[in-house]
Each structure stands twice: as C-alpha cells, then as structure tokens.
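Only one structure is covered here, and it is reproduced in the block below.
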Number of protein chains: 2
Amino acid sequence: MTNIRDIAKKAGVSVSTVSRVLNNHPYVKEEKRRLVEQVIHELNYEQNINAVHLSKGKTNMIAVVLPFINHPYFSLLLEGVASQALEKQYQLVICQTNYDVKKEEEALHMLKTKQVDGVIICSRASSWSTIEYYQQFGPIAVCENVQNRSIRSVYVDHYAAFKQALLYLKEKGYTDIGYCIGRMTGTNSLQRQQAYQEYVERINQPYHPEWVFQGCLNVTDGEKVVEKLVQMKNRPQALLVTNDQVAIGIKAQCEQAGMSVPGDLAIIGFDNHPLSSYLQITTIELPLKEMGETLFTLVGSKAPQKIELPFRFIERKSV
Amino acid sequence: MTNIRDIAKKAGVSVSTVSRVLNNHPYVKEEKRRLVEQVIHELNYEQNINAVHLSKGKTNMIAVVLPFINHPYFSLLLEGVASQALEKQYQLVICQTNYDVKKEEEALHMLKTKQVDGVIICSRASSWSTIEYYQQFGPIAVCENVQNRSIRSVYVDHYAAFKQALLYLKEKGYTDIGYCIGRMTGTNSLQRQQAYQEYVERINQPYHPEWVFQGCLNVTDGEKVVEKLVQMKNRPQALLVTNDQVAIGIKAQCEQAGMSVPGDLAIIGFDNHPLSSYLQITTIELPLKEMGETLFTLVGSKAPQKIELPFRFIERKSV
DNA sequence: ATAAAGTATGAAACGCGTTTCAGCGCAAGA
DNA sequence: TCTTGCGCTGAAACGCGTTTCATACTTTAT
C-alpha cells in the first residue's frame, strides 16, 4: 500500500507538503501542488483514514443508538439524522440496543475510545448518571425532555399531547379511556402516564390498570390488545395509542373481531404515519424527521441546548 | 489522555506487556497481568481505537449501503445485518444513497481508505465494473443474483416468483395483469420485467406499457396508482405489486375510490409485511431478515459465494 | 546432565497522516 | 537601506497501539 511518504519521495517534496496538498492548505506553490496531485493520481494513492483519525483526534462519525431499527418511528428518526449527517459529511454508526443497558453503554463507550465524535440516543434504558459520565468524552444528545439536566435534547411535550387527546375524547363523550404504550419507563412514557393519571382523577374515575396496555410497538401488538379487550367485561370505550403501527393493528383486528371503530372503540394514534391517513385514524403527529435532524445539529453544537418541537393534532375518523 | 506508555511506565513494565494484557495474549505472568490491570483501572485508561485500527489494519466495521432507511423492506434487511453484526462484534456504518451513484461510490471508497472491512450493498445504482474495481480493497456483498460474476450475493429468484404469481392470477381467471415496481433498472426489476414480458407473450396479449407502474415504493405511491387506474378506460384486472407497502396503499385507496379488492382489482404483494396479513393481502414472502443475516455472513466469508433463498407464496383474500 | 521446548519480557520498528516550529527568500513599508 | 512580514518548505515530533525479534529464564524430555 502506498503511503504519504512514498508520494513525497516520488514527487521530491516533504510529507508536509503532500499533507498540505491533501488538505487544501494554502502556502503550496501551484507548480508543486500539481506535481503532487499528479503523483497521487499515478500511484492511485488514498489516505489511510485511520491514520487521519488518529492524528486529527476526530473521526467525523456519530453513533446513533436506538432500540429497534425496523420500526417506522425509529427509522424515520434515523432518516432525519442521516439527512443532516450526509449534508455535514458525517458517517453514522448505528447501535441497535433492544433496550439492553449493556449495549447502550458499549455505544457510549465508543466516545471514550474516540471511535465517534458524538452519540445520539433515540431512546434509552440506561441511567442519567451513565450518560452524564460519558459526556466528558464528547457530546450526547437525547430525544426526550431532560428538564434541568445539562444534556442536549429535542423533545415534544408528551404530557400536553396526551392531555389534549384526553380532553378531545372527553368532549366527544368518551369517559372510559385506556392507553397503549411501548414501555412504562422512559421520560416520555412517564409524562404520558402522568397526564393519564391526572385525567382519571379529575373525572373521578377509578384507575383501571388493565386499561393500560404495555409492550405496544408493532402492528402485532395491536392485535393482542384487541384480543385482551374482547375478553374484558368492563372495557374502555376509547384508547390512546402511542404509536400508529399499534393503532393500525388495533383497527385491523377490530374489523376481524366484528368491532367497529369508532363505534365500539375509538382510537387516537401517534406519529401520523402515512398509513394512518389511509385508514382514517385520528392521530397526533410528531415531527420525527425534524427531530432527527435537530438531534444531529445538537450533537454538533457547542453548548447543551434543549429544543421543544410542536406536535399536531390531526382529526380523522377513528373517534 | 493517558496512553499505553503511561500505563507501562506506572506499572513498571514495557508497552508490549501492556498490549499483551489488553489483548489477552498468553505469556504474561499472572502477577504482572494483575498489576497492569490495576493500573489501567486506576488511570481509567482506554485504548484509542483509532490507533488500534491503524496498527491492526482493520476496523471491525462494515458499511451498509441502502437507498432509503425509512422503508420496511430495507429496515428489515438492515435489522438482519445488524443482528449478525452484533453477534460478531462488528459495527455498522450506514450509507443512505437515494440511488445516487456518487454516494454509493463514497461508500465503496471507505474500503479503499480502510475505514471499513467490507461493504454490503442492499440495492444499487452503480455499475458492476465499479463494484468489481473496489473488490480488490475488500469484500463486497450484494442482494441480487450476480449470475456468473465473482461477487458475494444472496438473492431470491424474482423471475420465478413473478412467474408463479402470474400463473396463479391466470388460473384464477385474470388475464389483464399489470404490475407496480420501484424502478425499472436493477437486476431484480429486470428479472421481473422478463417474467412479465414472457407472460404477456404467452397469452398473446398486447403489452400495455401503461399497466406497468414505476416509482412504487411507499403507501403514497399506491394511492397514485389507483388514481391513474380510475382514469383508464382499459384497465388491468389485477396487479402484481412488488412491495406490500404499495399494495396496502392501493387497497386503502381502492376503498376510498369505491373499488373493491379483489372484485374490481386483484392484487398480489411482496415481502409479507405484518400489515399485509391484517389487510388480507395475498403476498409473496421474502426472507428479508435472513437475507440481511446472510449478507453479513457473506462479507465475512473467504471466497465469493452465491446463495439463493426461497420465497413463499401466501394466499389470502386480495385475489 | 544436557539439549530442546516453552514461558516471559522489553526494545524497536511499524502502521500513517498531521502539525508545529524553524528557516529561507522575497517584497512591501519605514 | 533596514526592518517587517508574508509565502513556502521541510525536519521532526506527535497521536498511539501492535507486532516482530532478540534475549533470558524455566521446564521437560532424553
């Protein structure tokens, strides 16, 4: 493999000059520049990027940690990140974690070993203290409201979104409301939980734990929800579904089970996935792509910032 | 930043010994090993991975090039790759190309600069000669039938799949058949095109170019197909849709337009996305996750191999 | 007892590009 | 005419871990 010293020798200049040519530094005589370029071309030379990374101390790579790749929520978020990365000439290293704390830590660890210049966490299971520890090695951005912590973040106000959806349902005459969520932990989930809790208290209803469906991520999970639902004596009239995929699964399965939406069950989804529009599912749109883009911008920013992005209520026909 | 020499000095050993400890080489006395480990721990030392990459000449990273991340087909494929990568301790660098030849070349270029140890191409726009050129720098695997070329590949026989679907439709009494596809170029598309062409010839029908819908990738594209369809005087009775997302869009839009599936239009999808099952769309399942896994295995294999994976016809209610 | 084989360990070379610093030449300003 | 100062270059140091090679000490086999 030919290296920079070979080029220097053949061109009769020093490696410094070759390096200058390679990096478009000024102060290289046009004549030499051309000569060096010619030799580079002749020998089909290419920098060893690992040497570049080593000596520059940066890699132009960002790690993106997400629990699942094959999920519209995350892949759209990822697409947002990718579009910015492309523009800024960064490479993305993806770390699928499945919410395994170990794998998340492995990703953060890449910051310490200088494999990446920053880390974007789309959703996490690990603790704040872990993240705060790794911040000394490089910028980290998350996708949730970090409150008063000094961590870069983009988020939507899930508390407000849930509240608005609940009030909308109430106005439409639904009082027995449940919800479907991916997991109970995580900032976003807790905020939703809080909004729900407050709602239940406000209307003086008992809290029905069986109306809260956990582990809802995919279409298939929506099916399971309906299966549970049909076996309940006292079932909710409406469901908030924190993910359009699940909402779609619920709607499809309701049809199979002979239940009508919204007649027998009203649903409000989240994300505004293109399909929800075809299936006429009322949903709360989250600016996922924009969030992804912002995440990328954030890891590149000097100081930690917090950015809230708006959600949008889209009225259709599932309520 | 503390480095291996600091560790060596503080532990009173040579850097070689520290390196041996770091890499679990034999021939280090238990006593020294422990001492070194302790110093490493005390100084909170971590290898600079870029130096490791430079001196080892490999990075344990694989580039994955795909046109779109946010598409179930590719994200499932990617998930397959990722699951194997995880197991084999490899990192994935994703390169979203949008079928831009330049971006594909940038990805392949990472092989030359030693940024990655191999490249997985999920779908491509660039030429065989480009790929063959870059093979000298490292293994490349693609996701299509490479025929007699010496390139690692996994694929399904799309010609056979299309043929089977066409015959199935014919047996069910449909003769006027069209199809929806992502693009006309690409091995897979050409094979499908060929199967379709042959079918048309065999039943002595004229070839209707307007029955071939290009640019079909997402739900939204399915909508457009239906819009075009309703304005046709002479329209096909059935469509082969090379992607379940599009099939879903078509079915949903047909309902809006007052067309029944399969009454007014029969459809056969591809991929067997979970949703197609809920929407009772007949489809041809492609082993996407397995293909992804195989792709990873292939880039790790010594010699180029070609592996064909089977498709599976799933009869439901859209025909 | 002695050769052969294995265990341990360090110095130095190696992978390779970037950057700092010193220095030279020439031109503009004093 | 003398001093700055900019333009241009190269030597050497730097970032940092791995690996080879030589060496020395133990064991084991004969």
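Numbering starts fresh at 1 for the residues of each chain in the structure tokens, the chains themselves are lettered A, B, ... in the order given, and ligands are numbered from 1 as they appear.
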Contact residues (chain B, partner chain D, 12 Å, only C-alpha atoms (C1' of nucleotides)) as a PDB file with N, CA and C atoms, in the first residue's frame:
```pdb
ATOM      1  N   MET B   1      -4.893  12.868  28.010  1.00  0.00           N
ATOM      2  CA  MET B   1      -5.405  11.493  27.810  1.00  0.00           C
ATOM      3  C   MET B   1      -4.277  10.491  28.079  1.00  0.00           C
ATOM      4  N   THR B   2      -4.549   9.569  28.937  1.00  0.00           N
ATOM      5  CA  THR B   2      -3.466   8.628  29.249  1.00  0.00           C
ATOM      6  C   THR B   2      -3.372   7.552  28.175  1.00  0.00           C
ATOM      7  N   ASN B   3      -2.146   7.192  27.829  1.00  0.00           N
ATOM      8  CA  ASN B   3      -1.959   6.188  26.781  1.00  0.00           C
ATOM      9  C   ASN B   3      -1.192   4.971  27.289  1.00  0.00           C
ATOM     10  N   ILE B   4      -0.955   4.083  26.382  1.00  0.00           N
ATOM     11  CA  ILE B   4      -0.379   2.800  26.771  1.00  0.00           C
ATOM     12  C   ILE B   4       1.013   2.953  27.400  1.00  0.00           C
ATOM     13  N   ARG B   5       1.713   3.998  26.990  1.00  0.00           N
ATOM     14  CA  ARG B   5       3.048   4.212  27.556  1.00  0.00           C
ATOM     15  C   ARG B   5       2.986   4.679  29.009  1.00  0.00           C
ATOM     16  N   ASP B   6       1.976   5.471  29.282  1.00  0.00           N
ATOM     17  CA  ASP B   6       1.785   5.896  30.682  1.00  0.00           C
ATOM     18  C   ASP B   6       1.538   4.677  31.567  1.00  0.00           C
ATOM     19  N   VAL B  15       5.607  -1.505  27.115  1.00  0.00           N
ATOM     20  CA  VAL B  15       4.325  -1.354  26.433  1.00  0.00           C
ATOM     21  C   VAL B  15       3.877  -2.683  25.831  1.00  0.00           C
ATOM     22  N   SER B  16       4.836  -3.490  25.431  1.00  0.00           N
ATOM     23  CA  SER B  16       4.466  -4.788  24.862  1.00  0.00           C
ATOM     24  C   SER B  16       3.640  -5.575  25.864  1.00  0.00           C
ATOM     25  N   THR B  17       4.101  -5.570  27.072  1.00  0.00           N
ATOM     26  CA  THR B  17       3.380  -6.319  28.102  1.00  0.00           C
ATOM     27  C   THR B  17       1.975  -5.761  28.306  1.00  0.00           C
ATOM     28  N   VAL B  18       1.893  -4.445  28.335  1.00  0.00           N
ATOM     29  CA  VAL B  18       0.569  -3.846  28.491  1.00  0.00           C
ATOM     30  C   VAL B  18      -0.318  -4.258  27.323  1.00  0.00           C
ATOM     31  N   SER B  19       0.248  -4.185  26.134  1.00  0.00           N
ATOM     32  CA  SER B  19      -0.525  -4.569  24.964  1.00  0.00           C
ATOM     33  C   SER B  19      -0.985  -6.024  25.075  1.00  0.00           C
ATOM     34  N   ARG B  20      -0.091  -6.860  25.584  1.00  0.00           N
ATOM     35  CA  ARG B  20      -0.463  -8.271  25.748  1.00  0.00           C
ATOM     36  C   ARG B  20      -1.619  -8.431  26.724  1.00  0.00           C
ATOM     37  N   LEU B  22      -3.846  -6.176  27.387  1.00  0.00           N
ATOM     38  CA  LEU B  22      -5.021  -5.603  26.736  1.00  0.00           C
ATOM     39  C   LEU B  22      -5.666  -6.589  25.764  1.00  0.00           C
ATOM     40  N   ASN B  23      -4.825  -7.347  25.103  1.00  0.00           N
ATOM     41  CA  ASN B  23      -5.350  -8.246  24.079  1.00  0.00           C
ATOM     42  C   ASN B  23      -5.444  -9.703  24.517  1.00  0.00           C
ATOM     43  N   HIS B  25      -3.251 -11.770  25.442  1.00  0.00           N
ATOM     44  CA  HIS B  25      -2.261 -12.691  24.890  1.00  0.00           C
ATOM     45  C   HIS B  25      -1.711 -13.545  26.020  1.00  0.00           C
ATOM     46  N   GLU B  46      -8.248   3.806  28.523  1.00  0.00           N
ATOM     47  CA  GLU B  46      -8.997   3.173  27.435  1.00  0.00           C
ATOM     48  C   GLU B  46      -8.182   3.287  26.166  1.00  0.00           C
ATOM     49  N   GLN B  47      -8.090   2.208  25.422  1.00  0.00           N
ATOM     50  CA  GLN B  47      -7.344   2.280  24.158  1.00  0.00           C
ATOM     51  C   GLN B  47      -7.934   3.327  23.227  1.00  0.00           C
ATOM     52  N   ASN B  48      -7.091   3.965  22.490  1.00  0.00           N
ATOM     53  CA  ASN B  48      -7.559   4.819  21.416  1.00  0.00           C
ATOM     54  C   ASN B  48      -7.819   3.891  20.235  1.00  0.00           C
ATOM     55  N   ILE B  49      -9.086   3.739  19.953  1.00  0.00           N
ATOM     56  CA  ILE B  49      -9.460   2.737  18.962  1.00  0.00           C
ATOM     57  C   ILE B  49      -8.896   3.044  17.579  1.00  0.00           C
ATOM     58  N   ASN B  50      -8.652   4.308  17.317  1.00  0.00           N
ATOM     59  CA  ASN B  50      -8.119   4.668  16.012  1.00  0.00           C
ATOM     60  C   ASN B  50      -6.685   4.186  15.840  1.00  0.00           C
ATOM     61  N   ALA B  51      -5.947   4.202  16.911  1.00  0.00           N
ATOM     62  CA  ALA B  51      -4.585   3.669  16.860  1.00  0.00           C
ATOM     63  C   ALA B  51      -4.657   2.154  16.665  1.00  0.00           C
ATOM     64  N   VAL B  52      -5.610   1.536  17.331  1.00  0.00           N
ATOM     65  CA  VAL B  52      -5.787   0.092  17.161  1.00  0.00           C
ATOM     66  C   VAL B  52      -6.114  -0.218  15.702  1.00  0.00           C
ATOM     67  N   HIS B  53      -7.050   0.532  15.171  1.00  0.00           N
ATOM     68  CA  HIS B  53      -7.443   0.312  13.779  1.00  0.00           C
ATOM     69  C   HIS B  53      -6.255   0.501  12.848  1.00  0.00           C
ATOM     70  N   LEU B  54      -5.507   1.549  13.119  1.00  0.00           N
ATOM     71  CA  LEU B  54      -4.363   1.833  12.258  1.00  0.00           C
ATOM     72  C   LEU B  54      -3.353   0.697  12.304  1.00  0.00           C
ATOM     73  N   SER B  55      -3.010   0.274  13.487  1.00  0.00           N
ATOM     74  CA  SER B  55      -1.949  -0.727  13.522  1.00  0.00           C
ATOM     75  C   SER B  55      -2.444  -2.125  13.162  1.00  0.00           C
ATOM     76  N   LYS B  56      -3.682  -2.403  13.445  1.00  0.00           N
ATOM     77  CA  LYS B  56      -4.187  -3.723  13.059  1.00  0.00           C
ATOM     78  C   LYS B  56      -4.561  -3.793  11.579  1.00  0.00           C
ATOM     79  N   GLY B  57      -4.815  -2.631  11.020  1.00  0.00           N
ATOM     80  CA  GLY B  57      -5.188  -2.635   9.613  1.00  0.00           C
ATOM     81  C   GLY B  57      -6.613  -3.099   9.374  1.00  0.00           C
TER      82      GLY B  57
END
```
Output as a list in words the set of chain C residues within 8 Å of chain A, with distances taken over only C-alpha atoms (C1' of nucleotides).
DC16, DG17 and DT18 of chain C
In Å and to one decimal, CA of Asn44 in chain B is distant from CA of Lys32 in chain B by 17.9 Å
Which neighbours of Asp117 in chain B fall inside 7 Å, counting only C-alpha atoms (C1' of nucleotides), when residues of the same chain fewer than 6 positions from it are skipped, and could you give them as a ChimeraX atom specification? /B:58-62,111,138
TODO: Give me, as a ChimeraX atom specification, the contact residues of chain B against chain A at a cut-off of 9 Å, counting only C-alpha atoms.
DONE: /B:46-55,57,59,61,68-72,74-79,82-83,86,91-96,110,112-115,218-220,245,248-249,252-253,256,274-275,278-279
Atoms kept (C-alpha atoms) for selection, written as a PDB file, in the first residue's frame:
```pdb
ATOM      1  CA  GLU B  46      -8.997   3.173  27.435  1.00  0.00           C
ATOM      2  CA  GLN B  47      -7.344   2.280  24.158  1.00  0.00           C
ATOM      3  CA  ASN B  48      -7.559   4.819  21.416  1.00  0.00           C
ATOM      4  CA  ILE B  49      -9.460   2.737  18.962  1.00  0.00           C
ATOM      5  CA  ASN B  50      -8.119   4.668  16.012  1.00  0.00           C
ATOM      6  CA  ALA B  51      -4.585   3.669  16.860  1.00  0.00           C
ATOM      7  CA  VAL B  52      -5.787   0.092  17.161  1.00  0.00           C
ATOM      8  CA  HIS B  53      -7.443   0.312  13.779  1.00  0.00           C
ATOM      9  CA  LEU B  54      -4.363   1.833  12.258  1.00  0.00           C
ATOM     10  CA  SER B  55      -1.949  -0.727  13.522  1.00  0.00           C
ATOM     11  CA  GLY B  57      -5.188  -2.635   9.613  1.00  0.00           C
ATOM     12  CA  THR B  59     -11.690  -1.724  11.938  1.00  0.00           C
ATOM     13  CA  MET B  61     -16.786  -2.048  10.758  1.00  0.00           C
ATOM     14  CA  PHE B  68     -33.653   4.504   1.912  1.00  0.00           C
ATOM     15  CA  ILE B  69     -33.550   3.752   5.576  1.00  0.00           C
ATOM     16  CA  ASN B  70     -37.137   4.561   6.285  1.00  0.00           C
ATOM     17  CA  HIS B  71     -38.672   1.750   4.317  1.00  0.00           C
ATOM     18  CA  PRO B  72     -39.786  -1.558   5.817  1.00  0.00           C
ATOM     19  CA  PHE B  74     -34.671  -2.012   3.842  1.00  0.00           C
ATOM     20  CA  SER B  75     -35.039  -1.590   7.525  1.00  0.00           C
ATOM     21  CA  LEU B  76     -35.854  -5.257   7.936  1.00  0.00           C
ATOM     22  CA  LEU B  77     -32.916  -6.179   5.769  1.00  0.00           C
ATOM     23  CA  LEU B  78     -30.791  -3.864   7.879  1.00  0.00           C
ATOM     24  CA  GLU B  79     -32.079  -5.433  11.040  1.00  0.00           C
ATOM     25  CA  ALA B  82     -27.401  -5.740  12.425  1.00  0.00           C
ATOM     26  CA  SER B  83     -28.298  -8.863  14.332  1.00  0.00           C
ATOM     27  CA  LEU B  86     -23.942  -7.588  16.918  1.00  0.00           C
ATOM     28  CA  GLN B  91     -20.108  -2.084  13.937  1.00  0.00           C
ATOM     29  CA  LEU B  92     -22.299  -0.923  11.075  1.00  0.00           C
ATOM     30  CA  VAL B  93     -21.845   2.308   9.164  1.00  0.00           C
ATOM     31  CA  ILE B  94     -24.944   3.155   7.223  1.00  0.00           C
ATOM     32  CA  CYS B  95     -24.852   4.958   3.938  1.00  0.00           C
ATOM     33  CA  GLN B  96     -28.157   6.171   2.627  1.00  0.00           C
ATOM     34  CA  MET B 110     -14.366   3.654   2.561  1.00  0.00           C
ATOM     35  CA  LYS B 112     -10.044   1.856  -0.067  1.00  0.00           C
ATOM     36  CA  THR B 113      -9.331   4.192   2.819  1.00  0.00           C
ATOM     37  CA  LYS B 114      -9.630   1.277   5.211  1.00  0.00           C
ATOM     38  CA  GLN B 115     -12.487   2.808   7.123  1.00  0.00           C
ATOM     39  CA  ASN B 218     -44.435   3.661  -0.388  1.00  0.00           C
ATOM     40  CA  VAL B 219     -48.038   3.704   0.640  1.00  0.00           C
ATOM     41  CA  THR B 220     -48.403   7.059  -1.043  1.00  0.00           C
ATOM     42  CA  GLN B 245     -46.448  -1.011   1.365  1.00  0.00           C
ATOM     43  CA  ILE B 248     -51.532  -1.572   1.214  1.00  0.00           C
ATOM     44  CA  GLY B 249     -51.754   1.897  -0.262  1.00  0.00           C
ATOM     45  CA  ALA B 252     -56.720   1.518   1.103  1.00  0.00           C
ATOM     46  CA  GLN B 253     -57.159   3.879  -1.806  1.00  0.00           C
ATOM     47  CA  GLN B 256     -61.794   5.322  -0.832  1.00  0.00           C
ATOM     48  CA  PRO B 274     -47.199  -7.852   9.075  1.00  0.00           C
ATOM     49  CA  LEU B 275     -49.780  -5.394   7.824  1.00  0.00           C
ATOM     50  CA  TYR B 278     -54.155  -7.867   8.654  1.00  0.00           C
ATOM     51  CA  LEU B 279     -55.362  -6.454   5.420  1.00  0.00           C
TER      52      LEU B 279
END
```
| query | Neighbours of Ile177 in chain B within 9 Å (only C-alpha atoms (C1' of nucleotides); same-chain residues fewer than 2 positions away dropped), as a ChimeraX atom specification? | reply | /B:166,169-170,174-175,179,200,211,235-240
Go ahead and write the residues just picked, N, CA and C atoms, as a PDB file, in the first residue's frame.
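Written output follows (part_5.pdb):
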```pdb
ATOM      1  N   LEU B 166     -48.007 -14.735 -11.613  1.00  0.00           N
ATOM      2  CA  LEU B 166     -48.757 -14.518 -12.849  1.00  0.00           C
ATOM      3  C   LEU B 166     -49.617 -15.736 -13.189  1.00  0.00           C
ATOM      4  N   LEU B 169     -52.623 -15.920 -10.934  1.00  0.00           N
ATOM      5  CA  LEU B 169     -53.671 -14.994 -11.355  1.00  0.00           C
ATOM      6  C   LEU B 169     -54.412 -15.539 -12.576  1.00  0.00           C
ATOM      7  N   LYS B 170     -53.636 -16.096 -13.470  1.00  0.00           N
ATOM      8  CA  LYS B 170     -54.239 -16.614 -14.690  1.00  0.00           C
ATOM      9  C   LYS B 170     -55.228 -17.743 -14.366  1.00  0.00           C
ATOM     10  N   TYR B 174     -57.787 -14.220 -14.187  1.00  0.00           N
ATOM     11  CA  TYR B 174     -57.372 -12.866 -14.578  1.00  0.00           C
ATOM     12  C   TYR B 174     -56.414 -12.958 -15.758  1.00  0.00           C
ATOM     13  N   THR B 175     -56.680 -12.198 -16.761  1.00  0.00           N
ATOM     14  CA  THR B 175     -55.719 -12.175 -17.868  1.00  0.00           C
ATOM     15  C   THR B 175     -55.088 -10.800 -18.016  1.00  0.00           C
ATOM     16  N   TYR B 179     -48.314  -4.455 -13.392  1.00  0.00           N
ATOM     17  CA  TYR B 179     -47.533  -4.543 -12.159  1.00  0.00           C
ATOM     18  C   TYR B 179     -46.938  -3.212 -11.729  1.00  0.00           C
ATOM     19  N   VAL B 200     -46.985 -12.080 -20.977  1.00  0.00           N
ATOM     20  CA  VAL B 200     -47.809 -11.353 -21.938  1.00  0.00           C
ATOM     21  C   VAL B 200     -47.740 -12.015 -23.309  1.00  0.00           C
ATOM     22  N   TRP B 211     -49.688  -0.204 -18.033  1.00  0.00           N
ATOM     23  CA  TRP B 211     -50.031  -1.106 -16.925  1.00  0.00           C
ATOM     24  C   TRP B 211     -48.820  -1.413 -16.035  1.00  0.00           C
ATOM     25  N   ARG B 235     -58.501  -0.853 -18.188  1.00  0.00           N
ATOM     26  CA  ARG B 235     -57.594  -1.082 -17.066  1.00  0.00           C
ATOM     27  C   ARG B 235     -57.401  -2.549 -16.704  1.00  0.00           C
ATOM     28  N   PRO B 236     -56.241  -2.835 -16.099  1.00  0.00           N
ATOM     29  CA  PRO B 236     -55.965  -4.230 -15.725  1.00  0.00           C
ATOM     30  C   PRO B 236     -56.905  -4.694 -14.616  1.00  0.00           C
ATOM     31  N   GLN B 237     -57.114  -5.997 -14.598  1.00  0.00           N
ATOM     32  CA  GLN B 237     -57.989  -6.556 -13.550  1.00  0.00           C
ATOM     33  C   GLN B 237     -57.183  -6.930 -12.316  1.00  0.00           C
ATOM     34  N   ALA B 238     -55.892  -7.044 -12.538  1.00  0.00           N
ATOM     35  CA  ALA B 238     -55.048  -7.464 -11.416  1.00  0.00           C
ATOM     36  C   ALA B 238     -53.692  -6.793 -11.494  1.00  0.00           C
ATOM     37  N   LEU B 239     -53.069  -6.629 -10.348  1.00  0.00           N
ATOM     38  CA  LEU B 239     -51.738  -6.017 -10.284  1.00  0.00           C
ATOM     39  C   LEU B 239     -50.818  -6.860  -9.414  1.00  0.00           C
ATOM     40  N   LEU B 240     -49.607  -7.026  -9.915  1.00  0.00           N
ATOM     41  CA  LEU B 240     -48.555  -7.579  -9.068  1.00  0.00           C
ATOM     42  C   LEU B 240     -47.872  -6.363  -8.466  1.00  0.00           C
TER      43      LEU B 240
END
```
### Message
Just list as number ranges by chain whatever in range 47-273 of chain A DSSP marks as strand (DSSP E).
### Response
A: 61-66, 91-96, 118-121, 140-142, 152-155, 177-180, 212-213, 238-241, 266-271
Using only C-alpha atoms (C1' of nucleotides), which protein or nucleic acid residues come within 10 Å of range 184-190 of chain A? Drop anything in the same chain fewer than 6 positions from it, and give the result as a ChimeraX atom specification.
/A:123-127,143-147,155-159,196,212-215,242
Convert the current residue selection to file output with C-alpha atoms, as a PDB file, in the first residue's frame.
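The new file result_34.pdb reads:
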```
ATOM      1  CA  SER A 123     -34.424   6.071  23.255  1.00  0.00           C
ATOM      2  CA  ARG A 124     -32.678   4.675  26.242  1.00  0.00           C
ATOM      3  CA  ALA A 125     -32.789   2.307  29.162  1.00  0.00           C
ATOM      4  CA  SER A 126     -29.618   3.414  30.928  1.00  0.00           C
ATOM      5  CA  SER A 127     -29.488   5.945  33.701  1.00  0.00           C
ATOM      6  CA  CYS A 143     -34.745  12.626  22.375  1.00  0.00           C
ATOM      7  CA  GLU A 144     -36.702  13.427  25.487  1.00  0.00           C
ATOM      8  CA  ASN A 145     -37.259  16.265  27.898  1.00  0.00           C
ATOM      9  CA  VAL A 146     -34.207  16.358  30.135  1.00  0.00           C
ATOM     10  CA  GLN A 147     -35.704  19.016  32.392  1.00  0.00           C
ATOM     11  CA  TYR A 155     -38.478  16.613  22.537  1.00  0.00           C
ATOM     12  CA  VAL A 156     -42.174  17.169  22.180  1.00  0.00           C
ATOM     13  CA  ASP A 157     -44.352  17.811  25.151  1.00  0.00           C
ATOM     14  CA  HIS A 158     -45.937  14.412  25.520  1.00  0.00           C
ATOM     15  CA  TYR A 159     -47.735  15.463  28.644  1.00  0.00           C
ATOM     16  CA  TYR A 196     -53.459   9.999  32.154  1.00  0.00           C
ATOM     17  CA  VAL A 212     -53.107   0.383  30.287  1.00  0.00           C
ATOM     18  CA  PHE A 213     -51.523  -1.865  27.705  1.00  0.00           C
ATOM     19  CA  GLN A 214     -47.788  -2.127  27.809  1.00  0.00           C
ATOM     20  CA  GLY A 215     -45.333  -3.502  25.288  1.00  0.00           C
ATOM     21  CA  THR A 242     -48.813   5.978  21.407  1.00  0.00           C
TER      22      THR A 242
END
```
Q.
Neighbouring residues of Pro304 in chain B were defined as those with any atom within 8 Å, considering only C-alpha atoms (C1' of nucleotides); residues of the same chain fewer than 5 positions away were excluded. Please report them as a ChimeraX atom specification.
A. /B:150-153,298
Keeping only N, CA and C atoms, write the selected residues to a file as an mmCIF file, in the first residue's frame.
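Output (out_19.cif):
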```
data_model
loop_
_atom_site.group_PDB
_atom_site.id
_atom_site.type_symbol
_atom_site.label_atom_id
_atom_site.label_comp_id
_atom_site.auth_asym_id
_atom_site.auth_seq_id
_atom_site.Cartn_x
_atom_site.Cartn_y
_atom_site.Cartn_z
ATOM 1 N N SER B 150 -18.073 -12.863 -10.102
ATOM 2 C CA SER B 150 -17.458 -13.327 -8.877
ATOM 3 C C SER B 150 -17.659 -12.305 -7.750
ATOM 4 N N ILE B 151 -18.903 -12.240 -7.293
ATOM 5 C CA ILE B 151 -19.254 -11.286 -6.241
ATOM 6 C C ILE B 151 -20.158 -12.008 -5.249
ATOM 7 N N ARG B 152 -19.910 -11.770 -3.996
ATOM 8 C CA ARG B 152 -20.751 -12.403 -2.971
ATOM 9 C C ARG B 152 -22.200 -11.953 -3.140
ATOM 10 N N SER B 153 -23.121 -12.857 -3.050
ATOM 11 C CA SER B 153 -24.512 -12.421 -3.194
ATOM 12 C C SER B 153 -25.543 -13.365 -2.572
ATOM 13 N N LEU B 298 -21.774 -13.334 4.430
ATOM 14 C CA LEU B 298 -21.046 -13.338 3.166
ATOM 15 C C LEU B 298 -19.841 -12.406 3.149
#
```
Backbone-only DSSP, helix (DSSP H, G or I) members of range 110-210 of chain A, as a VMD selection string: chain A and resid 110 to 112 128 to 137 158 to 171 187 to 202 209 to 210
- Item | For CA of Ser318 in chain A and CA of Val225 in chain A, the interatomic separation in Å (one decimal) |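 Interatomic distance here is 16.4 Å.
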